[in-house]
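Reproduced below: work27.pdb, with PDB, C-alpha atoms and all ligand atoms.
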```pdb
ATOM      1  CA  MET A   1     101.493 -43.948  65.219  1.00  0.00           C
ATOM      2  CA  LYS A   2     101.356 -41.909  62.022  1.00  0.00           C
ATOM      3  CA  VAL A   3     102.789 -38.396  61.959  1.00  0.00           C
ATOM      4  CA  PRO A   4      99.568 -36.510  60.940  1.00  0.00           C
ATOM      5  CA  GLU A   5      97.636 -38.294  63.708  1.00  0.00           C
ATOM      6  CA  LEU A   6     100.328 -37.377  66.230  1.00  0.00           C
ATOM      7  CA  ARG A   7     100.480 -33.735  65.079  1.00  0.00           C
ATOM      8  CA  TYR A   8      96.699 -33.502  65.400  1.00  0.00           C
ATOM      9  CA  THR A   9      96.876 -34.767  69.004  1.00  0.00           C
ATOM     10  CA  ILE A  10      99.670 -32.276  69.737  1.00  0.00           C
ATOM     11  CA  GLU A  11      97.646 -29.379  68.274  1.00  0.00           C
ATOM     12  CA  GLU A  12      94.630 -30.318  70.385  1.00  0.00           C
ATOM     13  CA  THR A  13      96.810 -30.382  73.511  1.00  0.00           C
ATOM     14  CA  ALA A  14      98.228 -26.975  72.595  1.00  0.00           C
ATOM     15  CA  LYS A  15      94.681 -25.582  72.281  1.00  0.00           C
ATOM     16  CA  SER A  16      93.724 -26.985  75.679  1.00  0.00           C
ATOM     17  CA  GLY A  17      96.578 -24.990  77.257  1.00  0.00           C
ATOM     18  CA  ASN A  18      98.364 -28.070  78.585  1.00  0.00           C
ATOM     19  CA  LEU A  19     101.182 -28.008  76.051  1.00  0.00           C
ATOM     20  CA  GLY A  20     104.042 -25.822  77.265  1.00  0.00           C
ATOM     21  CA  ALA A  21     106.660 -25.952  74.538  1.00  0.00           C
ATOM     22  CA  GLU A  22     108.345 -28.187  72.019  1.00  0.00           C
ATOM     23  CA  ILE A  23     111.935 -28.625  70.922  1.00  0.00           C
ATOM     24  CA  VAL A  24     112.615 -30.268  67.573  1.00  0.00           C
ATOM     25  CA  ILE A  25     116.087 -31.715  67.047  1.00  0.00           C
ATOM     26  CA  GLN A  26     117.394 -32.795  63.705  1.00  0.00           C
ATOM     27  CA  THR A  27     120.739 -34.274  62.840  1.00  0.00           C
ATOM     28  CA  SER A  28     122.668 -33.360  59.753  1.00  0.00           C
ATOM     29  CA  GLU A  29     123.695 -35.998  57.233  1.00  0.00           C
ATOM     30  CA  GLN A  30     127.068 -36.434  58.892  1.00  0.00           C
ATOM     31  CA  TYR A  31     125.310 -37.111  62.243  1.00  0.00           C
ATOM     32  CA  ASN A  32     127.824 -34.982  64.068  1.00  0.00           C
ATOM     33  CA  THR A  33     126.028 -31.667  63.961  1.00  0.00           C
ATOM     34  CA  PHE A  34     122.586 -31.085  65.416  1.00  0.00           C
ATOM     35  CA  GLU A  35     120.073 -28.382  64.682  1.00  0.00           C
ATOM     36  CA  HIS A  36     117.169 -27.395  66.875  1.00  0.00           C
ATOM     37  CA  ASP A  37     114.019 -25.285  66.840  1.00  0.00           C
ATOM     38  CA  VAL A  38     111.995 -24.298  69.884  1.00  0.00           C
ATOM     39  CA  PHE A  39     108.250 -23.592  69.808  1.00  0.00           C
ATOM     40  CA  THR A  40     106.606 -22.005  72.818  1.00  0.00           C
ATOM     41  CA  TYR A  41     102.873 -22.628  73.159  1.00  0.00           C
ATOM     42  CA  ASN A  42     101.770 -21.743  76.675  1.00  0.00           C
ATOM     43  CA  GLY A  43     104.255 -19.742  78.713  1.00  0.00           C
ATOM     44  CA  VAL A  44     107.107 -22.262  78.851  1.00  0.00           C
ATOM     45  CA  THR A  45     110.494 -22.139  77.156  1.00  0.00           C
ATOM     46  CA  ILE A  46     112.962 -24.936  76.394  1.00  0.00           C
ATOM     47  CA  THR A  47     116.684 -24.252  76.274  1.00  0.00           C
ATOM     48  CA  PRO A  48     119.040 -26.954  75.024  1.00  0.00           C
ATOM     49  CA  VAL A  49     122.045 -27.581  77.278  1.00  0.00           C
ATOM     50  CA  LEU A  50     123.603 -30.611  75.613  1.00  0.00           C
ATOM     51  CA  ILE A  51     122.804 -32.126  72.240  1.00  0.00           C
ATOM     52  CA  GLN A  52     125.284 -34.819  71.318  1.00  0.00           C
ATOM     53  CA  LYS A  53     125.268 -38.405  70.140  1.00  0.00           C
ATOM     54  CA  ASN A  54     123.244 -40.532  72.607  1.00  0.00           C
ATOM     55  CA  GLN A  55     122.680 -37.615  74.971  1.00  0.00           C
ATOM     56  CA  LEU A  56     120.165 -34.841  75.117  1.00  0.00           C
ATOM     57  CA  GLN A  57     119.668 -32.381  77.941  1.00  0.00           C
ATOM     58  CA  VAL A  58     117.342 -29.383  78.051  1.00  0.00           C
ATOM     59  CA  ILE A  59     116.124 -26.926  80.654  1.00  0.00           C
ATOM     60  CA  VAL A  60     112.420 -26.122  80.742  1.00  0.00           C
ATOM     61  CA  SER A  61     111.449 -22.824  82.331  1.00  0.00           C
ATOM     62  CA  GLY A  62     108.173 -21.237  83.241  1.00  0.00           C
ATOM     63  CA  ASP A  63     107.126 -18.779  85.859  1.00  0.00           C
ATOM     64  CA  GLU A  64     105.824 -20.111  89.150  1.00  0.00           C
ATOM     65  CA  LEU A  65     102.288 -19.039  88.279  1.00  0.00           C
ATOM     66  CA  SER A  66     102.118 -21.279  85.235  1.00  0.00           C
ATOM     67  CA  GLY A  67     100.483 -24.557  86.092  1.00  0.00           C
ATOM     68  CA  ALA A  68     101.484 -28.029  85.036  1.00  0.00           C
ATOM     69  CA  ARG A  69     102.448 -28.437  81.393  1.00  0.00           C
ATOM     70  CA  THR A  70     103.436 -31.168  78.997  1.00  0.00           C
ATOM     71  CA  VAL A  71     106.572 -30.451  77.008  1.00  0.00           C
ATOM     72  CA  LEU A  72     107.629 -32.212  73.833  1.00  0.00           C
ATOM     73  CA  LEU A  73     111.046 -33.266  72.654  1.00  0.00           C
ATOM     74  CA  THR A  74     110.855 -34.334  69.032  1.00  0.00           C
ATOM     75  CA  ILE A  75     114.077 -36.030  68.013  1.00  0.00           C
ATOM     76  CA  ASP A  76     115.585 -37.408  64.871  1.00  0.00           C
ATOM     77  CA  PRO A  77     116.090 -41.098  65.834  1.00  0.00           C
ATOM     78  CA  THR A  78     119.679 -41.077  64.518  1.00  0.00           C
ATOM     79  CA  LEU A  79     120.614 -38.990  67.575  1.00  0.00           C
ATOM     80  CA  PHE A  80     120.557 -42.276  69.496  1.00  0.00           C
ATOM     81  CA  ASP A  81     122.317 -45.522  68.537  1.00  0.00           C
ATOM     82  CA  THR A  82     119.842 -47.694  70.453  1.00  0.00           C
ATOM     83  CA  ASP A  83     116.190 -47.521  71.441  1.00  0.00           C
ATOM     84  CA  ASP A  84     116.572 -48.232  75.177  1.00  0.00           C
ATOM     85  CA  LEU A  85     116.158 -44.608  76.139  1.00  0.00           C
ATOM     86  CA  GLN A  86     116.027 -43.370  79.693  1.00  0.00           C
ATOM     87  CA  VAL A  87     114.326 -40.094  80.561  1.00  0.00           C
ATOM     88  CA  THR A  88     115.357 -38.270  83.706  1.00  0.00           C
ATOM     89  CA  PHE A  89     113.849 -35.196  85.374  1.00  0.00           C
ATOM     90  CA  ASP A  90     116.248 -33.143  87.513  1.00  0.00           C
ATOM     91  CA  GLY A  91     118.608 -36.124  87.402  1.00  0.00           C
ATOM     92  CA  GLN A  92     116.031 -38.698  88.603  1.00  0.00           C
ATOM     93  CA  PRO A  93     114.507 -41.422  86.410  1.00  0.00           C
ATOM     94  CA  ILE A  94     110.757 -40.873  86.050  1.00  0.00           C
ATOM     95  CA  SER A  95     107.799 -43.182  85.416  1.00  0.00           C
ATOM     96  CA  ILE A  96     106.209 -43.886  82.071  1.00  0.00           C
ATOM     97  CA  ALA A  97     102.732 -42.440  81.668  1.00  0.00           C
ATOM     98  CA  GLU A  98      99.905 -44.953  81.250  1.00  0.00           C
ATOM     99  CA  SER A  99      99.022 -43.737  77.782  1.00  0.00           C
ATOM    100  CA  LEU A 100      99.452 -40.863  75.374  1.00  0.00           C
ATOM    101  CA  GLU A 101      96.274 -39.319  76.856  1.00  0.00           C
ATOM    102  CA  ASP A 102      97.855 -39.511  80.324  1.00  0.00           C
ATOM    103  CA  ALA A 103     101.010 -37.823  78.971  1.00  0.00           C
ATOM    104  CA  MET A 104      98.885 -35.058  77.423  1.00  0.00           C
ATOM    105  CA  ASP A 105      97.355 -34.356  80.839  1.00  0.00           C
ATOM    106  CA  PRO A 106     100.018 -32.981  83.205  1.00  0.00           C
ATOM    107  CA  ASN A 107      97.450 -32.384  85.975  1.00  0.00           C
ATOM    108  CA  ASN A 108      96.472 -35.951  86.922  1.00  0.00           C
ATOM    109  CA  ASP A 109      99.677 -37.267  88.503  1.00  0.00           C
ATOM    110  CA  GLY A 110      99.997 -35.155  91.628  1.00  0.00           C
ATOM    111  CA  SER A 111     103.500 -33.718  91.792  1.00  0.00           C
ATOM    112  CA  ASN A 112     105.107 -36.531  89.755  1.00  0.00           C
ATOM    113  CA  PRO A 113     106.601 -35.871  86.354  1.00  0.00           C
ATOM    114  CA  GLU A 114     106.037 -38.640  83.798  1.00  0.00           C
ATOM    115  CA  TYR A 115     107.082 -39.337  80.235  1.00  0.00           C
ATOM    116  CA  TYR A 116     105.799 -41.168  77.211  1.00  0.00           C
ATOM    117  CA  LEU A 117     107.668 -41.986  74.015  1.00  0.00           C
ATOM    118  CA  VAL A 118     105.956 -42.112  70.647  1.00  0.00           C
ATOM    119  CA  VAL A 119     107.947 -43.491  67.740  1.00  0.00           C
ATOM    120  CA  THR A 120     106.806 -42.594  64.251  1.00  0.00           C
ATOM    121  CA  GLY A 121     108.565 -43.477  61.027  1.00  0.00           C
ATOM    122  CA  SER A 122     110.565 -40.263  61.090  1.00  0.00           C
ATOM    123  CA  ASP A 123     110.848 -39.142  64.728  1.00  0.00           C
ATOM    124  CA  ILE A 124     110.902 -40.089  68.361  1.00  0.00           C
ATOM    125  CA  THR A 125     108.664 -37.766  70.361  1.00  0.00           C
ATOM    126  CA  ALA A 126     109.092 -37.666  74.125  1.00  0.00           C
ATOM    127  CA  PHE A 127     106.131 -36.206  76.029  1.00  0.00           C
ATOM    128  CA  VAL A 128     107.243 -35.109  79.473  1.00  0.00           C
ATOM    129  CA  THR A 129     104.746 -33.834  82.025  1.00  0.00           C
ATOM    130  CA  VAL A 130     106.077 -31.082  84.243  1.00  0.00           C
ATOM    131  CA  PRO A 131     103.865 -30.737  87.338  1.00  0.00           C
ATOM    132  CA  HIS A 132     105.284 -27.369  88.458  1.00  0.00           C
ATOM    133  CA  PHE A 133     107.787 -24.705  87.458  1.00  0.00           C
ATOM    134  CA  SER A 134     110.197 -22.787  87.516  1.00  0.00           C
ATOM    135  CA  ASP A 135     113.332 -24.455  86.024  1.00  0.00           C
ATOM    136  CA  HIS A 136     113.814 -28.187  85.498  1.00  0.00           C
ATOM    137  CA  THR A 137     116.348 -30.274  83.633  1.00  0.00           C
ATOM    138  CA  ILE A 138     115.123 -33.045  81.346  1.00  0.00           C
ATOM    139  CA  SER A 139     117.624 -35.534  79.947  1.00  0.00           C
ATOM    140  CA  ILE A 140     117.287 -38.413  77.533  1.00  0.00           C
ATOM    141  CA  GLN A 141     120.089 -40.879  77.191  1.00  0.00           C
ATOM    142  CA  SER A 142     120.680 -44.226  75.633  1.00  0.00           C
ATOM    143  CA  LEU A 143     121.069 -46.725  78.512  1.00  0.00           C
ATOM    144  CA  SER A 144     123.277 -49.275  76.752  1.00  0.00           C
ATOM    145  CA  GLN A 145     125.628 -46.488  75.650  1.00  0.00           C
ATOM    146  CA  VAL A 146     126.101 -45.572  79.327  1.00  0.00           C
ATOM    147  CA  VAL A 147     126.775 -49.276  80.115  1.00  0.00           C
ATOM    148  CA  GLU A 148     129.174 -49.574  77.177  1.00  0.00           C
ATOM    149  CA  ALA A 149     131.116 -46.548  78.388  1.00  0.00           C
ATOM    150  CA  VAL A 150     131.572 -48.312  81.749  1.00  0.00           C
ATOM    151  CA  GLY A 151     132.526 -51.507  79.852  1.00  0.00           C
ATOM    152  CA  GLY A 152     135.182 -49.520  78.022  1.00  0.00           C
ATOM    153  CA  ILE A 153     136.742 -48.299  81.270  1.00  0.00           C
ATOM    154  CA  THR A 154     136.550 -51.819  82.735  1.00  0.00           C
ATOM    155  CA  ALA A 155     138.305 -53.165  79.636  1.00  0.00           C
ATOM    156  CA  VAL A 156     141.117 -50.641  80.058  1.00  0.00           C
ATOM    157  CA  ILE A 157     141.516 -51.590  83.742  1.00  0.00           C
ATOM    158  CA  MET A 158     141.560 -55.293  82.800  1.00  0.00           C
ATOM    159  CA  TYR A 159     144.242 -54.578  80.210  1.00  0.00           C
ATOM    160  CA  ILE A 160     146.403 -52.758  82.788  1.00  0.00           C
ATOM    161  CA  VAL A 161     145.930 -55.644  85.281  1.00  0.00           C
ATOM    162  CA  ILE A 162     146.907 -58.224  82.632  1.00  0.00           C
ATOM    163  CA  ILE A 163     149.987 -56.219  81.614  1.00  0.00           C
ATOM    164  CA  GLY A 164     150.845 -55.990  85.331  1.00  0.00           C
ATOM    165  CA  ILE A 165     150.507 -59.771  85.857  1.00  0.00           C
ATOM    166  CA  VAL A 166     152.548 -60.499  82.745  1.00  0.00           C
ATOM    167  CA  GLY A 167     155.172 -58.030  84.001  1.00  0.00           C
ATOM    168  CA  ILE A 168     155.357 -59.709  87.411  1.00  0.00           C
ATOM    169  CA  VAL A 169     155.548 -63.204  85.916  1.00  0.00           C
ATOM    170  CA  TYR A 170     158.441 -62.217  83.649  1.00  0.00           C
ATOM    171  CA  ILE A 171     160.309 -59.571  85.630  1.00  0.00           C
ATOM    172  CA  ILE A 172     160.461 -61.287  89.052  1.00  0.00           C
ATOM    173  CA  PRO A 173     162.199 -64.461  87.769  1.00  0.00           C
ATOM    174  CA  ILE A 174     164.721 -62.261  85.886  1.00  0.00           C
ATOM    175  CA  TRP A 175     165.368 -60.230  89.038  1.00  0.00           C
ATOM    176  CA  VAL A 176     165.718 -63.395  91.183  1.00  0.00           C
ATOM    177  CA  PHE A 177     168.003 -64.951  88.557  1.00  0.00           C
ATOM    178  CA  LYS A 178     170.260 -61.853  88.467  1.00  0.00           C
ATOM    179  CA  ARG A 179     170.669 -61.872  92.244  1.00  0.00           C
ATOM    180  CA  LYS A 180     172.082 -65.374  92.194  1.00  0.00           C
TER     181      LYS A 180
HETATM  182 CA    CA A 201      99.977 -40.946  85.009  1.00  0.00          CA
HETATM  183 CA    CA A 202      99.345 -37.394  83.262  1.00  0.00          CA
END
```
File written out as structure tokens:
Amino acid sequence: MKVPELRYTIEETAKSGNLGAEIVIQTSEQYNTFEHDVFTYNGVTITPVLIQKNQLQVIVSGDELSGARTVLLTIDPTLFDTDDLQVTFDGQPISIAESLEDAMDPNNDGSNPEYYLVVTGSDITAFVTVPHFSDHTISIQSLSQVVEAVGGITAVIMYIVIIGIVGIVYIIPIWVFKRK
């Protein structure tokens, strides 16, 4: 999708009252500092909690009287190393909306939050429908980075086990030999 087309859709959603707020995250040239801007459209605020490589976490807040809203997270794609992104809502993975239109309508999914990712040439925009307020945590993470982190720990454990086996193979014969 082209950026002007996407911005037009976003503006229309804002006019309809369904768009709660938007956070825009940009990375600096060194990729290790992140800047953000928050735009509030209809009674919802977004507060960043964690913005770091491969991980983004925000809190969305609204008063209990505000109805369902769609919130937007517009992200510089260099924030993530891979494109296998997982979106969670209060720590739980959520379903993908059927379409962009579905993601723009936060009122047609009962009490289920949903998300939809739109990738343009310059940004990744995550549309997340929030069926009710007050505070909720939305996170986006790169799945393979999570797996790789586990792989790293596993590799360290394997290394320790191998060192241990090598130690046993060499040290026990020396010990047995010395006792003779
Ligand atoms: Ca839906
Ligand atoms: Ca929907």
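Residues matched by the PyMOL selection byres (((chain A and resi 88) around 10) and not hetatm) in this file are Gln57, Leu85, Gln86, Val87, Phe89, Asp90, Gly91, Gln92, Pro93, Ile94, Ser95, Pro113, Glu114, Tyr115, Val128, Thr137, Ile138, Ser139, Ile140 and Gln141 of chain A.
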Task: Sphere at (117.0, -29.1, 58.8), radius 12 Å, counting all atoms listed in the file: residues as number ranges by chain - done: A: 24-29, 33-37, 75-76
Prev. selection, C-alpha atoms, output as a PDB file, in the frame of the given file:
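Written file, part_33.pdb:
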```
ATOM      1  CA  VAL A  24     112.615 -30.268  67.573  1.00  0.00           C
ATOM      2  CA  ILE A  25     116.087 -31.715  67.047  1.00  0.00           C
ATOM      3  CA  GLN A  26     117.394 -32.795  63.705  1.00  0.00           C
ATOM      4  CA  THR A  27     120.739 -34.274  62.840  1.00  0.00           C
ATOM      5  CA  SER A  28     122.668 -33.360  59.753  1.00  0.00           C
ATOM      6  CA  GLU A  29     123.695 -35.998  57.233  1.00  0.00           C
ATOM      7  CA  THR A  33     126.028 -31.667  63.961  1.00  0.00           C
ATOM      8  CA  PHE A  34     122.586 -31.085  65.416  1.00  0.00           C
ATOM      9  CA  GLU A  35     120.073 -28.382  64.682  1.00  0.00           C
ATOM     10  CA  HIS A  36     117.169 -27.395  66.875  1.00  0.00           C
ATOM     11  CA  ASP A  37     114.019 -25.285  66.840  1.00  0.00           C
ATOM     12  CA  ILE A  75     114.077 -36.030  68.013  1.00  0.00           C
ATOM     13  CA  ASP A  76     115.585 -37.408  64.871  1.00  0.00           C
TER      14      ASP A  76
END
```
TODO: Run the PyMOL selection byres (((not hetatm)) within 7 of (chain A and resi 202)) against the file shown and list the residues it catches, as number ranges by chain.
DONE: A: 97, 102-109, 114, 129
Task: Within 7 Å of Ser61 of chain A using only C-alpha atoms, minus same-chain residues under 4 positions, as a list in words - done: Val44, Thr45, Ile46, Phe133, Ser134, Asp135 and His136 of chain A
- [ ] Using only C-alpha atoms and all ligand atoms, pick whichever of A:Ser111, A:Ser144, A:Gln52, A:Thr82 has the shortest atom-to-atom distance to ligand CA 201 (chain A).
- [x] A:Ser111
Open item on the list: Given all atoms listed in the file as the basis, pick out the residue of A:Ser142, A:Thr70, A:Thr78, A:Thr125 nearest to Ser16 of chain A.
Closed with: A:Thr70
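Taking atom CA of Ile23 of chain A and atom CA of Val71 of chain A as the two end points, the separation is 8.3 Å.
If only C-alpha atoms and all ligand atoms are the atoms counted, then among A:Leu79, A:Val130, A:Val38, A:Met1 the closest residue to ligand CA 201 (chain A) is A:Val130.
Each of A:Leu100, A:Ile168, A:Leu56, A:Val161 was checked against ligand CA 201 (chain A) using all atoms listed in the file; the smallest atom-to-atom distance is that of A:Leu100.
Of the listed residues A:Gly43, A:Pro77, A:Gly121, A:Gly167, the one whose atoms come nearest to Val60 of chain A is A:Gly43, with distances taken using only C-alpha atoms.
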- [ ] Apply the PyMOL selection byres (((chain A and resi 39) around 6) and not hetatm) to the displayed file and report the matching residues as a list in words.
- [x] Ala21, Glu22, Val38 and Thr40 of chain A
- [ ] Tell me which protein, DNA and RNA residues are within 10 Å of Glu101 of chain A, counting only C-alpha atoms, leaving out same-chain ones fewer than 5 positions away, and put them as a PyMOL selection string.
- [x] chain A and resi 9+13+106+116
Open item on the list: Show me, as a PyMOL selection string, the residues that have an atom within 12 Å of Glu11 of chain A when counting all atoms listed in the file, minus same-chain residues fewer than 4 positions from it.
Closed with: chain A and resi 4-7+15-22+41+72+104
Edge lengths and centre in Å to one decimal, as lines of an AutoDock Vina configuration file, is what I'm after for the box along x, y and z that holds all listed atoms of segment 77-96 of chain A once 6 Å is added on each side.
```
center_x = 114.3
center_y = -40.7
center_z = 76.6
size_x = 28.1
size_y = 27.1
size_z = 36.1
```
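Picture a line from atom CA of Ser99 of chain A to atom CA of Phe80 of chain A; it runs 23.1 Å.
Distances to ligand CA 201 (chain A) were evaluated for A:Leu143, A:Asn112, A:Glu64, A:Gln55 using all atoms listed in the file, and the minimum falls at A:Asn112.
The spacing separating atom CA of Leu73 of chain A from atom CA of Thr47 of chain A amounts to 11.2 Å.
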